[in-house]
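Engineer: Structure below; questions to follow.
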Amino acid sequence: MNPLLETFDITPFSKIKNEDFLPAFKNAIIIAKEEIDTIALNKEAPTFKNTIEALDYSGEQLDRVSSVFFNLNSAETNDEIQKIAQEVSPMLSEFSNDVALNTQLFKRVSTIYNQKNKLTLTVEQQTLLDKKYKGFSRNGANLPEDKKEDLRAIDKELSSLKLTFGENILAETNAYELHLTNIEDVKGLPEGALEAAIQVAQQKGKKGGWVFTLDYPSYIPFMKYADSRELRKKMALAFGARGFQQNDYNNEKIVIKIASLRFKRAQLLGYDTHSHFVLEERMSGSPIKVTSFLNDLLEKAKPVALKEFAELESFAKELHNIDHLEKWDSAYYSEKLKNKLFNLDDEKLKPYFKLDNVIDGVFSIAKKLFGLKFKQVSTIDTYHEDVKTYEVTDNNNNAIAIFYADFHPRKGKRNGAWMTSFKGQKIKNGVNDRPHISNVCNFTKPTDTKPSLLTFNEVTTLFHEFGHGLHGMLANTTYPSLSGTSVYWDFVELPSQVLENWCFEKECLDLFAKHYKTGEVIPMEYVEKIKSSANFQEGMATMRQISFGLLDMSWHANESLETIKNVKAHEKLAFSDTSLFPDVPENCMSVAFSHIFQGGYSSGYYSYKWAEVLDADAFEVFQENGIFNPVTGKAFAEHILSKGGTEHPMTLYKRFRGTEPKPEALLKRAGLLN
Ligand SMILES: [Zn+2]
């Protein structure tokens with residue numbers, strides 16, 4: 001008996017054993033293949049229903065098994081599950097490759113696509129048709145055989161280059177250590193950072209002292225707190241030289257090669273540049289839109305950034321008689337200045353943010369704005385006793401979703417916080433199949449004497465993930481691949497980030513931010529400080545993000561890429577409008593810019609700022625009409641949260657907002673408008 005092979009609605013976690021997964025995957029892949037074959041080999045002429053729709057509804061069991069399995073691998077894993085993951089991943093990519101290369105299937109899809117103007121389709125159906133067609137064409141399905149070969153060769157080379165890029169950075173990161181034995185050298189560092197450095201020293205077999213490395217948990221506190229300017233410089237230079245030294249791990253040639261292969265790939269598929277290819281499936285839509293977005297923002301942020309920089313410099317002068325700030329001074333003096341200005345530490349705020357209260361807080365927002373009720377139930381099966389489950393209903397008591405909340409760390413759960421689902425939403429045969437959504441976080445566990453108390457950062461994290469959760473729970477679309485958070489990449493953070501805004505509103509904090517012992521509501525003075533400290537050095541931070549976004553575009557939206565012979569020279573040019581600190585000749589950013597050369601952010605770095613513009617602009621509607629106005633809530637649910645990816649996000653957004661997003665609201669919120 002394998003519970004994963006039976007039909008189930010609520011996941012029967014307690015019945016599933018690790019050894020059930022592999023046979024379940026194998027079986028589900030066989031079924032999914034049969035479904036694909038039935039569609040591809042159908043004797044009837046291709047129609048939207050027998051091809052596009054059938055394709056989207058296929059593989060249901062495989063989706064269920066995969067989501068249960070991979071969610072467990074993130075939140076409650078063990079050696080056995082990890083081993084199964086190793087075995088299953090190639091099976092899954094083989095299956096999806098087979099579908100992508102299925103020429104009979106593509107022939108049917110493109111037949112329908114070519115008739116699309118003659119067909120009577122709903123907007124959602126048009127979007128689905130487009131998505132299915134592009135899924136093939138963007139992978140070369142329209143190319144002649146020899147060009148297909150070229151494309152596959154490029155992809156193969158790219159994936160190996162990306163791997164080498166990452167390995168080089170890792171090797172360079174691991175090769176460096178700063179071993180300190182003199183107590184004078186570690187002055188300024190807090191207890192926690194010192195303890196960690198002692199541990200690293202022990203792990204590395206040192207007889208005493210402290211070891212600091214280029215790993216973030218070691219590097220960041222060092223740059224923030226170490227009083228020794230010489231040593232900060234040493235660390236910063238080592239960090240910035242990764243991939244840029246004349247040794248086996250140099251990434252200069254690799255960066256140029258990756259950028260030019262991406263360019264070649266885009267041209268092969270009929271696009272001007274890699275950015276044109278990527279941005280076709282983004283809300284922003286085109287490189288020109290992205291660069292003008294970044295440059296507009298730069299124009300506003302730059303005067304503020306320059307002012308903040310001058311303030312920081314005079315603060316450093318006053319404190320330590322430093323004339324010119326260097327890169328290795330930035331985090332250190334910023335931290336000191338922030339403390340001087342705000343003196344707002346986590347410990348003071350935490351008593352007001354008891355986890356249970358914060359959860360009640362997000363639930364009451366969901367109630368006021370969207371009419372959702374959360375009822376905790378103990379009858380729903382879970383994978384761990386810490387997981388809480390809720391039945392979510394609307395004002396008319398219709399079942400809307402099931403919500404899982406898994407909030408405490410444990411061995412077997414990865415770091416961070418995320419939203420996920422055990423079952424997506426769809427409408428099939430007239431039945432609206434409601435979703436099962438989960439939020440997973442890592443907040444301190446309560447003890448017998450003390451409840452779980454959150455830092456303010458953790459409060460915004462919880463709101464953020466719950467915002468993604470609402471996007472999943474309120475989903476109301478026909479086709480599974482367009483449902484919930486299945487939206488363009490630079491649109492997906494709108495629901496999550498917009499919800500964070502409520503954390504800064506007194507009217508909202510009054511609902512839940514109550515001292516866990518006295519019940520006293522958080523003082524106004526604290527709220528003001530939270531707000532102003534959130535904007536501390538916002539101009540400099542914005543300029544930094546813009547500089548990375550422009551660097552990304554300089555590599556990927558560049559039609560004369562072949563003229564770039566020198567990475568550092570190219571980078572200096574790209575940074576010319578955005579640098580605050582003097583250039584460091586022995587350092588280079590591009591050769592260690594993993595986001596865009598190893599990860600999936602190429603032509604996508606701008607989306608951090610893009611999402612902020614969206615959420616600030618959208619939140620302005622709530623501010624204008626009252627942050628708990630149910631009419632605004634209804635409009636947001638109707639036009640954004642329920643619609644998933646059924647239409648272009650710009651269309652959805654304009655329906656809610658009336659206009660395209662404008663940066664003014666963000667600039668105002670961030671204190672960048674004068
Ligand atoms: Zn997010």
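Each chain in the structure tokens gets a letter, A, B, ..., in the order shown, and its residues are numbered from 1; ligands are numbered from 1 in order too.
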What do you get as a ChimeraX atom specification if you pick all residues at most 12 Å from ligand 1, counting only C-alpha atoms and all ligand atoms?
Structural biologist: /A:416-420,439,460-469,471,485,489-500,607-608,611-612,615
Engineer: For Val200 in chain A, find every residue with an atom within 9 Å (counting only C-alpha atoms), except residues of its own chain fewer than 5 positions away, and show them as a PyMOL selection string.
Structural biologist: chain A and resi 195+205-206+210-213
Engineer: Name the residues in contact with Lys506 in chain A at a cut-off of 8 Å, using only C-alpha atoms, excluding same-chain residues fewer than 2 positions from it; report them as a PyMOL selection string.
Structural biologist: chain A and resi 504+508-510+524+527
Engineer: Would you output that residue set with N, CA, C and O atoms, as a PDB file, in the first residue's frame?
Structural biologist:
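Dumped everything to result_36.pdb:
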ATOM      1  N   PHE A 504       4.492  48.910   9.398  1.00  0.00           N
ATOM      2  CA  PHE A 504       4.989  50.235   9.773  1.00  0.00           C
ATOM      3  C   PHE A 504       3.851  51.186  10.137  1.00  0.00           C
ATOM      4  O   PHE A 504       4.073  52.353  10.377  1.00  0.00           O
ATOM      5  N   CYS A 508      -2.160  49.494  12.444  1.00  0.00           N
ATOM      6  CA  CYS A 508      -2.055  48.044  12.344  1.00  0.00           C
ATOM      7  C   CYS A 508      -1.311  47.467  13.548  1.00  0.00           C
ATOM      8  O   CYS A 508      -1.736  46.476  14.139  1.00  0.00           O
ATOM      9  N   LEU A 509      -0.209  48.116  13.915  1.00  0.00           N
ATOM     10  CA  LEU A 509       0.580  47.626  15.057  1.00  0.00           C
ATOM     11  C   LEU A 509      -0.269  47.605  16.333  1.00  0.00           C
ATOM     12  O   LEU A 509      -0.130  46.710  17.175  1.00  0.00           O
ATOM     13  N   ASP A 510      -1.171  48.586  16.470  1.00  0.00           N
ATOM     14  CA  ASP A 510      -2.036  48.635  17.652  1.00  0.00           C
ATOM     15  C   ASP A 510      -2.857  47.360  17.819  1.00  0.00           C
ATOM     16  O   ASP A 510      -3.240  46.997  18.926  1.00  0.00           O
ATOM     17  N   MET A 524       4.397  54.897  20.500  1.00  0.00           N
ATOM     18  CA  MET A 524       4.502  55.646  19.241  1.00  0.00           C
ATOM     19  C   MET A 524       5.959  55.978  18.914  1.00  0.00           C
ATOM     20  O   MET A 524       6.390  55.903  17.759  1.00  0.00           O
ATOM     21  N   VAL A 527       7.570  53.247  17.130  1.00  0.00           N
ATOM     22  CA  VAL A 527       7.083  53.121  15.756  1.00  0.00           C
ATOM     23  C   VAL A 527       7.784  54.145  14.860  1.00  0.00           C
ATOM     24  O   VAL A 527       8.225  53.823  13.755  1.00  0.00           O
TER      25      VAL A 527
END
Engineer: Could you go through range 277-496 of chain A and tell me which residues DSSP, when run on the backbone, assigns to helix (DSSP H, G or I), listing them as a PyMOL selection string?
Structural biologist: chain A and resi 277-279+287-320+327-342+346-352+355-370+456-473+480-482+494-496
Engineer: Could those residues be written to a file, using C-alpha atoms, as a CSV table (one decimal), in the first residue's frame?
Structural biologist:
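Below you can see again.csv, which holds the result:
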chain,number,residue,atom,x,y,z
A,277,PHE,CA,15.0,37.3,-24.7
A,278,VAL,CA,14.7,37.3,-20.9
A,279,LEU,CA,12.5,40.4,-20.5
A,287,PRO,CA,15.7,46.4,-21.9
A,288,ILE,CA,14.9,50.0,-22.8
A,289,LYS,CA,12.1,50.0,-20.1
A,290,VAL,CA,14.5,48.6,-17.6
A,291,THR,CA,17.4,50.9,-18.2
A,292,SER,CA,15.2,54.0,-18.2
A,293,PHE,CA,13.6,52.8,-15.0
A,294,LEU,CA,17.0,52.4,-13.4
A,295,ASN,CA,18.3,55.8,-14.7
A,296,ASP,CA,15.1,57.6,-13.6
A,297,LEU,CA,15.6,56.2,-10.1
A,298,LEU,CA,19.2,57.1,-10.2
A,299,GLU,CA,18.5,60.7,-11.0
A,300,LYS,CA,16.3,60.9,-7.9
A,301,ALA,CA,18.5,58.9,-5.6
A,302,LYS,CA,21.9,60.4,-6.5
A,303,PRO,CA,21.6,63.8,-4.8
A,304,VAL,CA,20.4,62.1,-1.6
A,305,ALA,CA,23.1,59.4,-1.8
A,306,LEU,CA,25.8,62.1,-2.2
A,307,LYS,CA,24.4,64.0,0.8
A,308,GLU,CA,24.4,60.8,2.9
A,309,PHE,CA,27.9,60.0,1.8
A,310,ALA,CA,29.1,63.5,2.9
A,311,GLU,CA,27.4,63.0,6.2
A,312,LEU,CA,29.0,59.7,6.7
A,313,GLU,CA,32.4,61.1,5.7
A,314,SER,CA,32.1,64.0,8.2
A,315,PHE,CA,31.0,61.6,10.9
A,316,ALA,CA,34.1,59.5,10.3
A,317,LYS,CA,36.3,62.6,10.3
A,318,GLU,CA,34.8,63.7,13.6
A,319,LEU,CA,35.1,60.2,15.2
A,320,HIS,CA,38.5,59.0,13.9
A,327,LYS,CA,35.0,50.9,0.6
A,328,TRP,CA,36.1,49.2,3.8
A,329,ASP,CA,34.8,52.1,5.9
A,330,SER,CA,31.3,52.0,4.7
A,331,ALA,CA,29.7,49.3,6.8
A,332,TYR,CA,31.7,50.2,9.9
A,333,TYR,CA,30.9,53.9,10.1
A,334,SER,CA,27.3,53.4,8.9
A,335,GLU,CA,26.7,51.0,11.8
A,336,LYS,CA,28.2,53.5,14.3
A,337,LEU,CA,26.1,56.4,12.8
A,338,LYS,CA,23.0,54.3,12.8
A,339,ASN,CA,23.4,53.5,16.5
A,340,LYS,CA,24.1,57.1,17.3
A,341,LEU,CA,21.0,58.3,15.5
A,342,PHE,CA,18.5,55.6,16.5
A,346,ASP,CA,16.1,44.4,18.8
A,347,GLU,CA,15.9,43.4,22.4
A,348,LYS,CA,13.8,46.5,23.2
A,349,LEU,CA,11.3,45.7,20.5
A,350,LYS,CA,11.0,41.9,20.8
A,351,PRO,CA,8.7,41.9,23.8
A,352,TYR,CA,6.1,43.6,21.6
A,355,LEU,CA,4.8,35.2,17.6
A,356,ASP,CA,1.2,34.3,18.4
A,357,ASN,CA,0.2,37.9,18.4
A,358,VAL,CA,1.9,38.6,15.1
A,359,ILE,CA,0.1,35.7,13.6
A,360,ASP,CA,-3.2,37.1,14.9
A,361,GLY,CA,-2.1,40.4,13.4
A,362,VAL,CA,-1.8,39.0,9.8
A,363,PHE,CA,-5.0,37.0,10.2
A,364,SER,CA,-6.9,40.2,11.2
A,365,ILE,CA,-5.5,42.0,8.2
A,366,ALA,CA,-6.7,39.2,6.0
A,367,LYS,CA,-10.1,39.4,7.7
A,368,LYS,CA,-10.5,43.1,7.4
A,369,LEU,CA,-9.3,43.4,3.8
A,370,PHE,CA,-10.3,40.1,2.2
A,456,PHE,CA,11.1,43.5,13.9
A,457,ASN,CA,12.9,42.0,10.9
A,458,GLU,CA,11.3,38.7,11.6
A,459,VAL,CA,7.9,40.4,11.8
A,460,THR,CA,8.3,41.8,8.3
A,461,THR,CA,9.5,38.4,7.1
A,462,LEU,CA,6.3,36.8,8.5
A,463,PHE,CA,4.1,39.4,6.8
A,464,HIS,CA,6.1,39.0,3.6
A,465,GLU,CA,5.6,35.2,3.4
A,466,PHE,CA,2.0,35.6,4.4
A,467,GLY,CA,1.6,38.0,1.5
A,468,HIS,CA,2.8,35.3,-0.9
A,469,GLY,CA,0.5,32.9,1.0
A,470,LEU,CA,-2.5,35.1,0.2
A,471,HIS,CA,-1.5,35.1,-3.5
A,472,GLY,CA,-1.7,31.4,-3.3
A,473,MET,CA,-4.9,31.1,-1.1
A,480,PRO,CA,-3.1,25.2,-13.0
A,481,SER,CA,0.0,26.6,-14.7
A,482,LEU,CA,-1.5,30.2,-14.5
A,494,LEU,CA,4.2,42.5,-5.2
A,495,PRO,CA,1.7,40.7,-2.9
A,496,SER,CA,4.5,39.8,-0.4
Engineer: Hey, can you check how far CA of Ser160 in chain A sits from CA of Lys257 in chain A?
Structural biologist: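 Straight-line distance from CA of Ser160 in chain A to CA of Lys257 in chain A works out to 11.4 Å.
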